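A.B. asks: Please find one structure pasted underneath; my questions will follow.
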Amino acid sequence: MVARLVVTKDTEELLFDTSKICYGLVKSGNLAFIENWARYYLRSAQLDPSDGASWAPESDPQRGDPAYGFTVTNALSPIVFITGPGCLNGVSRSGSSMTFIYINADANTRFYCFDLMADNIPGSPYLKTRLEDGRISFNSLQPPLNVLAAVQAPPPPAHPPAWPDWWGTTYSGGYNVQRRGLVAPNYSPALDSRVDIGLAGEEYAAYLPWARSAVCLNGSADTGLTVTVSEGAYGRVGGISFMFGAAGATTKGNTPSGPGTPSGNSFRNIPTDRYPTALVIRTAGLPFPYQ
């Protein structure tokens, strides 16, 4: 039988349990610009929109959505918490490297990447523990992951009476942010829908294990375009926020007018049969930038 070590704070908050595999910080820093992701338009109204060949990217590479991210090497099962807006839109792998790609973020968004604790961190002195099969379960040379809260995304508000299939925002108690205008020399218009969840007056980072998608009408029914939006969660000082923002490489289409069509910014097709739960950590005490 392998000895078990359990460490708690004076408040009985668990720090680590060596009978379980712990996660440790492997990298932190600011997201870096990668490239612009073009949005796609239907090449002709007569084409079948369900056929991928009917869509083409916008020709101007600047009229797209900036993708930001970071790369981690030799990771086994990484999870990423962020402080500042962003929606994870995918992970690319090349050899031993993994690149996490975020849309609706910028260079001010910070990331904290954790992975299974490993025995490849230089330094001393240290405390290392292993499971019976030899796998390392704790390494004191790595700052441990300590999740302090799990927060579920709120449901959407009630439908406006005139818009039976649309919502004005994606979350009850939420608000919309027009990050990029409807008319701009660069980039496509971008509308976020967010809600703020208050916690104690510290800075936090959040991780969303899975996310939903929806449809956004950005502008009026006469001039606006519909795009797909994806969900994210992020930390900030005083709490966390959930958000929906334009999905990377989204299609865009005209919104038909008529009864039940809203006259301004709105959302539809928001899944309501389940809601994701964000995990939350404090950023205080975590090294930044790290590795």
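Chain labels follow the order of the structure tokens: the first chain is A, the next B, and so on; residue numbering restarts at 1 in every chain, and ligands are counted from 1 in their shown order.
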I'd like the contact shell of Ala53 of chain A - 12 Å cut-off, only C-alpha atoms, skipping same-chain residues fewer than 3 positions apart - returned as a short mmCIF file (atom, residue, chain, number, x, y, z; two decimals) with C-alpha atoms, in the first residue's frame.
C.D. replies:
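Wrote it out as around-v4.cif, contents follow:
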```cif
data_model
loop_
_atom_site.label_atom_id
_atom_site.label_comp_id
_atom_site.auth_asym_id
_atom_site.auth_seq_id
_atom_site.Cartn_x
_atom_site.Cartn_y
_atom_site.Cartn_z
CA TYR A 40 -17.94 32.57 -45.58
CA TYR A 41 -20.72 33.81 -47.85
CA LEU A 42 -23.13 31.91 -50.13
CA ARG A 43 -21.76 32.33 -53.66
CA SER A 44 -25.25 32.44 -55.20
CA LEU A 47 -26.98 27.28 -54.64
CA ASP A 48 -27.75 24.68 -51.98
CA PRO A 49 -26.64 26.14 -48.62
CA SER A 50 -26.26 22.63 -47.19
CA ALA A 56 -16.63 30.90 -50.32
CA PRO A 57 -14.41 32.93 -47.97
#
```
A.B. asks: From a DSSP pass on the backbone, collect the residues of segment 26-240 of chain A flagged as strand (DSSP E) and hand them back as a VMD selection string.
C.D. replies: chain A and resid 26 to 30 32 to 38 40 to 42 55 to 57 64 to 73 79 to 83 87 to 94 97 to 103 110 to 116 128 to 130 136 to 139 149 to 152 175 to 180 190 to 207 213 to 218 225 to 240
A.B. asks: Need to verify the contact set: segment 77-91 of chain A, 9 Å, only C-alpha atoms, exclusion of same-chain residues closer than 5 positions in sequence. Can you return it as an NGL selection string?
C.D. replies: :A and (23 or 26 or 67-68 or 72 or 98-106 or 108-116 or 203-209 or 211 or 230-237 or 240-248 or 279-281 or 283)
A.B. asks: Got time to write the residues from that selection, N, CA and C atoms, as a compact mmCIF listing (two decimals), in the first residue's frame?
C.D. replies:
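Saved file again-v4.txt follows:
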```
# COMPACT_ATOMS: atom_id res chain seq x y z
N TYR A 23 -3.35 18.08 -11.20
CA TYR A 23 -2.95 18.91 -12.33
C TYR A 23 -2.04 20.03 -11.83
N VAL A 26 1.58 24.43 -16.36
CA VAL A 26 2.70 24.19 -17.27
C VAL A 26 3.05 25.42 -18.09
N ALA A 67 -7.78 35.54 -34.88
CA ALA A 67 -7.59 34.37 -34.03
C ALA A 67 -6.35 34.59 -33.17
N TYR A 68 -6.49 34.33 -31.88
CA TYR A 68 -5.39 34.43 -30.93
C TYR A 68 -5.17 33.08 -30.28
N VAL A 72 1.56 24.82 -26.54
CA VAL A 72 2.19 24.08 -25.45
C VAL A 72 2.73 22.78 -26.03
N MET A 98 0.66 21.46 -29.23
CA MET A 98 -0.77 21.73 -29.33
C MET A 98 -0.97 23.24 -29.27
N THR A 99 -1.73 23.78 -30.23
CA THR A 99 -2.04 25.20 -30.26
C THR A 99 -3.51 25.40 -29.97
N PHE A 100 -3.81 26.16 -28.91
CA PHE A 100 -5.18 26.50 -28.54
C PHE A 100 -5.55 27.81 -29.22
N ILE A 101 -6.69 27.82 -29.93
CA ILE A 101 -7.08 28.95 -30.76
C ILE A 101 -8.37 29.57 -30.23
N TYR A 102 -8.33 30.88 -29.99
CA TYR A 102 -9.47 31.60 -29.43
C TYR A 102 -9.92 32.71 -30.39
N ILE A 103 -11.23 32.85 -30.53
CA ILE A 103 -11.83 33.96 -31.25
C ILE A 103 -12.50 34.87 -30.21
N ASN A 104 -12.74 36.12 -30.57
CA ASN A 104 -13.34 37.11 -29.67
C ASN A 104 -12.42 37.42 -28.50
N ALA A 105 -11.13 37.27 -28.71
CA ALA A 105 -10.13 37.57 -27.70
C ALA A 105 -9.19 38.64 -28.24
N ASP A 106 -8.21 39.04 -27.46
CA ASP A 106 -7.17 39.94 -27.92
C ASP A 106 -5.91 39.69 -27.11
N ASN A 108 -4.73 41.15 -24.69
CA ASN A 108 -4.86 41.38 -23.25
C ASN A 108 -5.42 40.16 -22.51
N THR A 109 -5.97 39.20 -23.25
CA THR A 109 -6.50 37.99 -22.64
C THR A 109 -5.34 37.12 -22.16
N ARG A 110 -5.41 36.67 -20.90
CA ARG A 110 -4.35 35.87 -20.31
C ARG A 110 -4.79 34.42 -20.16
N PHE A 111 -3.86 33.49 -20.29
CA PHE A 111 -4.18 32.08 -20.18
C PHE A 111 -3.34 31.43 -19.09
N TYR A 112 -3.91 30.39 -18.50
CA TYR A 112 -3.22 29.56 -17.51
C TYR A 112 -3.48 28.11 -17.91
N CYS A 113 -2.46 27.45 -18.41
CA CYS A 113 -2.60 26.09 -18.93
C CYS A 113 -2.09 25.09 -17.89
N PHE A 114 -2.95 24.15 -17.53
CA PHE A 114 -2.61 23.10 -16.57
C PHE A 114 -2.61 21.75 -17.29
N ASP A 115 -1.79 20.85 -16.76
CA ASP A 115 -1.73 19.49 -17.32
C ASP A 115 -1.46 18.53 -16.17
N LEU A 116 -1.58 17.23 -16.46
CA LEU A 116 -1.23 16.23 -15.47
C LEU A 116 0.18 16.48 -14.97
N GLU A 203 -9.18 38.51 -8.56
CA GLU A 203 -9.14 38.20 -9.99
C GLU A 203 -9.24 36.69 -10.18
N TYR A 204 -10.01 36.29 -11.21
CA TYR A 204 -10.26 34.89 -11.46
C TYR A 204 -9.95 34.54 -12.91
N ALA A 205 -9.82 33.24 -13.15
CA ALA A 205 -9.75 32.69 -14.50
C ALA A 205 -10.77 31.57 -14.58
N ALA A 206 -11.30 31.32 -15.79
CA ALA A 206 -12.37 30.33 -15.95
C ALA A 206 -12.06 29.39 -17.10
N TYR A 207 -12.59 28.18 -16.97
CA TYR A 207 -12.45 27.15 -18.00
C TYR A 207 -13.83 26.57 -18.27
N LEU A 208 -14.23 26.52 -19.54
CA LEU A 208 -15.52 25.98 -19.94
C LEU A 208 -15.29 24.63 -20.62
N PRO A 209 -15.67 23.52 -19.98
CA PRO A 209 -15.37 22.19 -20.55
C PRO A 209 -16.04 21.94 -21.89
N ALA A 211 -19.14 23.80 -24.86
CA ALA A 211 -19.82 25.05 -25.20
C ALA A 211 -20.94 24.80 -26.18
N SER A 230 -20.45 31.19 -30.95
CA SER A 230 -20.06 30.11 -30.04
C SER A 230 -19.87 30.68 -28.64
N GLU A 231 -19.90 29.78 -27.66
CA GLU A 231 -19.92 30.18 -26.25
C GLU A 231 -18.52 30.10 -25.63
N GLY A 232 -18.31 30.95 -24.65
CA GLY A 232 -17.07 30.93 -23.89
C GLY A 232 -17.32 31.40 -22.47
N ALA A 233 -16.31 31.29 -21.63
CA ALA A 233 -16.36 31.80 -20.26
C ALA A 233 -14.98 32.29 -19.89
N TYR A 234 -14.92 33.36 -19.12
CA TYR A 234 -13.62 33.92 -18.75
C TYR A 234 -13.70 34.57 -17.37
N GLY A 235 -12.56 34.68 -16.73
CA GLY A 235 -12.47 35.34 -15.44
C GLY A 235 -12.14 36.80 -15.58
N ARG A 236 -12.32 37.52 -14.49
CA ARG A 236 -12.03 38.95 -14.42
C ARG A 236 -11.93 39.31 -12.94
N VAL A 237 -11.64 40.56 -12.65
CA VAL A 237 -11.62 41.01 -11.26
C VAL A 237 -13.06 41.08 -10.75
N ILE A 240 -16.67 36.12 -12.84
CA ILE A 240 -16.46 35.53 -14.16
C ILE A 240 -17.58 36.00 -15.07
N SER A 241 -17.43 35.76 -16.35
CA SER A 241 -18.46 36.11 -17.33
C SER A 241 -18.61 34.97 -18.32
N PHE A 242 -19.85 34.75 -18.76
CA PHE A 242 -20.14 33.88 -19.90
C PHE A 242 -20.38 34.78 -21.10
N MET A 243 -20.11 34.25 -22.29
CA MET A 243 -20.31 35.05 -23.48
C MET A 243 -20.62 34.17 -24.68
N PHE A 244 -21.34 34.73 -25.64
CA PHE A 244 -21.45 34.20 -26.99
C PHE A 244 -20.82 35.23 -27.92
N GLY A 245 -19.98 34.78 -28.84
CA GLY A 245 -19.37 35.66 -29.82
C GLY A 245 -19.21 34.94 -31.14
N ALA A 246 -18.94 35.68 -32.19
CA ALA A 246 -18.83 35.10 -33.54
C ALA A 246 -17.91 33.89 -33.56
N ALA A 247 -18.37 32.82 -34.18
CA ALA A 247 -17.56 31.62 -34.31
C ALA A 247 -16.50 31.82 -35.39
N GLY A 248 -15.36 31.21 -35.23
CA GLY A 248 -14.31 31.32 -36.23
C GLY A 248 -14.74 30.72 -37.56
N LEU A 279 -15.55 26.09 -14.63
CA LEU A 279 -14.71 25.92 -13.45
C LEU A 279 -13.91 27.20 -13.24
N VAL A 280 -13.69 27.56 -11.97
CA VAL A 280 -13.12 28.86 -11.64
C VAL A 280 -11.92 28.68 -10.72
N ILE A 281 -10.86 29.44 -10.98
CA ILE A 281 -9.69 29.47 -10.11
C ILE A 281 -9.33 30.91 -9.80
N THR A 283 -6.34 33.71 -9.67
CA THR A 283 -5.05 33.89 -10.34
C THR A 283 -3.96 34.32 -9.37
```
A.B. asks: Which polymer residues have any atom within 10 Å of an atom of Pro164 of chain A, counting only C-alpha atoms, with same-chain residues fewer than 5 positions away left out, as number ranges by chain?
C.D. replies: A: 158-159, 259-262, 268
A.B. asks: For the selection just defined, write its residues with all heavy atoms to a file, as a short mmCIF file (atom, residue, chain, number, x, y, z; two decimals), in the first residue's frame.
C.D. replies:
```cif
data_model
loop_
_atom_site.label_atom_id
_atom_site.label_comp_id
_atom_site.auth_asym_id
_atom_site.auth_seq_id
_atom_site.Cartn_x
_atom_site.Cartn_y
_atom_site.Cartn_z
N ALA A 158 -36.72 35.84 -21.15
CA ALA A 158 -37.98 35.55 -21.85
C ALA A 158 -37.93 36.13 -23.26
O ALA A 158 -37.28 37.14 -23.53
CB ALA A 158 -39.14 36.15 -21.08
N HIS A 159 -38.62 35.45 -24.19
CA HIS A 159 -38.72 35.97 -25.55
C HIS A 159 -39.49 37.28 -25.55
O HIS A 159 -40.54 37.39 -24.90
CB HIS A 159 -39.46 34.98 -26.46
CG HIS A 159 -38.68 33.77 -26.81
ND1 HIS A 159 -37.68 33.77 -27.76
CD2 HIS A 159 -38.77 32.49 -26.37
CE1 HIS A 159 -37.17 32.55 -27.87
NE2 HIS A 159 -37.82 31.76 -27.04
N PRO A 259 -43.15 38.95 -40.25
CA PRO A 259 -43.67 38.84 -38.89
C PRO A 259 -42.76 37.97 -38.02
O PRO A 259 -42.30 36.91 -38.43
CB PRO A 259 -45.04 38.19 -39.09
CG PRO A 259 -45.41 38.49 -40.51
CD PRO A 259 -44.13 38.51 -41.26
N GLY A 260 -42.51 38.44 -36.82
CA GLY A 260 -41.69 37.69 -35.89
C GLY A 260 -40.21 37.87 -36.07
O GLY A 260 -39.42 37.28 -35.33
N THR A 261 -39.79 38.68 -37.06
CA THR A 261 -38.37 38.94 -37.25
C THR A 261 -38.00 40.21 -36.50
O THR A 261 -38.65 41.24 -36.69
CB THR A 261 -38.05 39.11 -38.74
OG1 THR A 261 -38.41 37.92 -39.44
CG2 THR A 261 -36.56 39.37 -38.93
N PRO A 262 -37.00 40.20 -35.65
CA PRO A 262 -36.65 41.38 -34.85
C PRO A 262 -36.10 42.50 -35.71
O PRO A 262 -35.63 42.29 -36.83
CB PRO A 262 -35.60 40.84 -33.88
CG PRO A 262 -35.02 39.65 -34.57
CD PRO A 262 -36.13 39.04 -35.35
N ARG A 268 -31.04 33.52 -31.75
CA ARG A 268 -32.00 32.43 -31.78
C ARG A 268 -31.24 31.09 -31.80
O ARG A 268 -30.01 31.07 -31.89
CB ARG A 268 -32.92 32.51 -32.99
CG ARG A 268 -32.25 32.29 -34.33
CD ARG A 268 -33.27 32.37 -35.47
NE ARG A 268 -32.62 32.21 -36.76
CZ ARG A 268 -33.26 32.33 -37.93
NH1 ARG A 268 -34.56 32.61 -37.95
NH2 ARG A 268 -32.61 32.18 -39.07
#
```
A.B. asks: For a test of reading the model, state the distance in Å between atom CA of Arg130 of chain A and atom CA of Asn74 of chain A, rounded to one decimal.
C.D. replies: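 Value for the atom CA of Arg130 of chain A-atom CA of Asn74 of chain A distance: 19.9 Å.
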A.B. asks: Separation of atom CA of Tyr175 of chain A and atom CA of Ser193 of chain A, in Å?
C.D. replies: 5.8 Å
A.B. asks: What does the structure give for the distance between atom CA of Asp65 of chain A and atom CA of Ala32 of chain A, in Å to one decimal?
C.D. replies: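 Answer for the atom CA of Asp65 of chain A to atom CA of Ala32 of chain A separation: 13.9 Å.
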A.B. asks: A:Arg135, A:Arg63, A:Lys252, A:Lys27: which is nearest Thr228 of chain A, counting only C-alpha atoms?
C.D. replies: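 Nearest candidate to Thr228 of chain A out of A:Arg135, A:Arg63, A:Lys252, A:Lys27: A:Lys252.
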A.B. asks: Between A:Arg39, A:Ala278, A:Asp17, A:Asp196, which one has atoms that come closest to Thr129 of chain A, using only C-alpha atoms?
C.D. replies: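 Answer, going by the shortest atom-to-atom distance: A:Asp17.
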A.B. asks: Hey, what's within 9 Å of segment 9-15 of chain A if we count only C-alpha atoms and toss same-chain stuff fewer than 4 positions away? As a list in words, please?
C.D. replies: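 These residues fall inside the cut-off: Pro144, Leu145 and Asn146 of chain A.
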A.B. asks: Under the rule that only C-alpha atoms are counted, which of A:Gly219, A:Gly264, A:Gly201, A:Pro276 is the nearest residue to Trp167 of chain A?
C.D. replies: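 Of all the options, A:Gly264 lies closest to Trp167 of chain A.
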